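Visitor: Dumping the structure here so I can ask a few things about it.
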Amino acid sequence: MSFGVFAAVLAAAFVHAGWNVLVKGAADKLAMTISVAIGAGLVAAALLPFLPLPAPASWPFLGVSVLLQSVYYLLIARAYRIADMSLAYPLMRGAAPVVVALFGAAVFGEVLAGGQWLAVSLISAGVVALALGAFRRQPLAIAGVTAALCNAMVIAAYTLVDASGVRLSGSPVAYALLLAVLTGVVTVVLALAGGARPRLGARTLGLGLAGGAATTLSYGVALWAMTRAPVAPVAALRETSIVFALALSRLVFGEKPGRPRIAAALLVVAGVIVLRLA
């Protein structure tokens with residue numbers, strides 16, 4: 001993995017943590033999540049006309065990913081409504097790299113070096129330790145844990161689907177933008193079909209637009225990186241967003257992580273260093 005790809009994915013991880021803090025801090029989690037999906041679609045729709053459409057070979061993957069990412073948005077709202085961010089976020093983002101690493105080797109035939117496996121293991125162990133520490137302080141959050149773990153599987157699934165699709169698209173940027181447009185529409189349809197009636201005021205939509213731009217940029221960078229480096233290390237590096245999420249939670253919500261949580265975060269950082277050197 002080149003330094004340019006490494007730095008871009010790390011920056012994207014910070015941006016991803018930022019828009020998740022935005023959702024967690026909202027009074028109506030579902031309304032904010034839907035607003036982010038809409039905002040992402042609007043930003044992408046404004047840019048998409050200037051690019052060629054992705055190659056037809058990538059469209060089946062695009063269709064599957066749209067459904068998966070719509071479910072992902074709805075599960076984010078549910079997880080954050082039930083559980084603390086310090087519990088839900090590590091579970092969602094921490095379990096996914098392990099699944100991607102295991103299935104990515106089978107799907108793409110990518111043989112990871114020992115150092116890369118060590119990095120994936122360190123990052124995953126760190127975020128799982130963060131989750132377990134949060135769970136000890138919130139032992140009754142079973143529903144939140146379930147929603148978060150289900151979303152981890154969804155994240156792993158759409159990561160593998162998009163890794164295939166973007167490599168066939170001929171244009172990673174166009175693929176990411178079209179994905180955002182379609183996902184915004186389908187997310188709203190699924191939410192309304194499920195009986196949700198979110199309150200989408202001007203402030204919520206405005207913040208959603210900012211969050212949508214952030215998530216589009218973050219995932220677009222990740223998809224581009226998957227065309228330049230193996231899928232599993234890229235997916236694992238994205239999960240360093242948990243470290244940024246802890247820092248932002250301290251600044252925004254005034255949370256004070258204890259020594260075990262800091263130690264787990266440092267384990268994630270160690271994994272990032274190993275990944276860079278591998």
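Chain labels A, B, ... are given in the sequence in which chains occur in the structure tokens; within each chain residues are numbered consecutively from 1, and ligands are likewise numbered from 1 in the order shown.
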Set the distance at 8 Å and use only C-alpha atoms: which residues neighbour region 231-246 of chain A once local chain neighbours fewer than 4 positions away are removed? I'd like the list as number ranges by chain.
Guide: A: 9-10, 12-14, 16-18, 21, 86, 89-90, 93-94, 96-97, 100-101, 104, 116, 119-120, 123-124, 127, 159-160, 163, 222, 225-226, 250, 257, 265, 268-269, 272, 275
Visitor: If you run DSSP on this backbone, which residues of region 172-251 of chain A come out as helix (DSSP H, G or I), and could you give them as JSON, numbers by chain?
Guide: {"A": [172, 173, 174, 175, 176, 177, 178, 179, 180, 181, 182, 183, 184, 185, 186, 187, 188, 189, 190, 191, 192, 193, 202, 203, 204, 205, 206, 207, 208, 209, 210, 211, 212, 213, 214, 215, 216, 217, 218, 219, 220, 221, 222, 223, 224, 225, 226, 231, 232, 233, 234, 235, 236, 237, 238, 241, 242, 243, 244, 245, 246, 247, 248, 249, 250, 251]}
Visitor: Which of these, A:Ala125, A:Leu132, A:Ala88, A:Ala174, has the shortest distance to Ala152 (chain A) once you count only C-alpha atoms?
Guide: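 The shortest atom-to-atom distance to Ala152 (chain A) comes from A:Ala88.
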Visitor: Ranking A:Leu149, A:Ile76, A:Val166, A:Val71 by minimum distance to Val188 (chain A) and counting only C-alpha atoms, which one comes first?
Guide: A:Val71
Visitor: Rank nothing, just name the residue among A:Ala45, A:Ala143, A:Ala95, A:Val23 nearest to Thr183 (chain A), using only C-alpha atoms.
Guide: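 Closest to Thr183 (chain A), using only C-alpha atoms: A:Ala45.
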Visitor: Calculated over only C-alpha atoms, which of the candidates A:Ser65, A:Ser58, A:Asn151, A:Ser121 has the smallest distance to Ser171 (chain A)?
Guide: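 Closest candidate: A:Ser58.
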Visitor: What's the 12 Å shell around Ala46 (chain A), counting only C-alpha atoms, without same-chain residues fewer than 3 positions away, as a list in words?
Guide: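 Using only C-alpha atoms, the neighbours found are Gly39, Ala40, Gly41, Leu42, Val43, Pro49, Phe50, Leu51, Ala174, Leu177, Leu178, Ala180, Val181 and Ala213 of chain A.
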Visitor: Pick from A:Ser2, A:Leu74, A:Val64, A:Leu251: nearest to Leu190 (chain A), with only C-alpha atoms counted?
Guide: A:Leu74
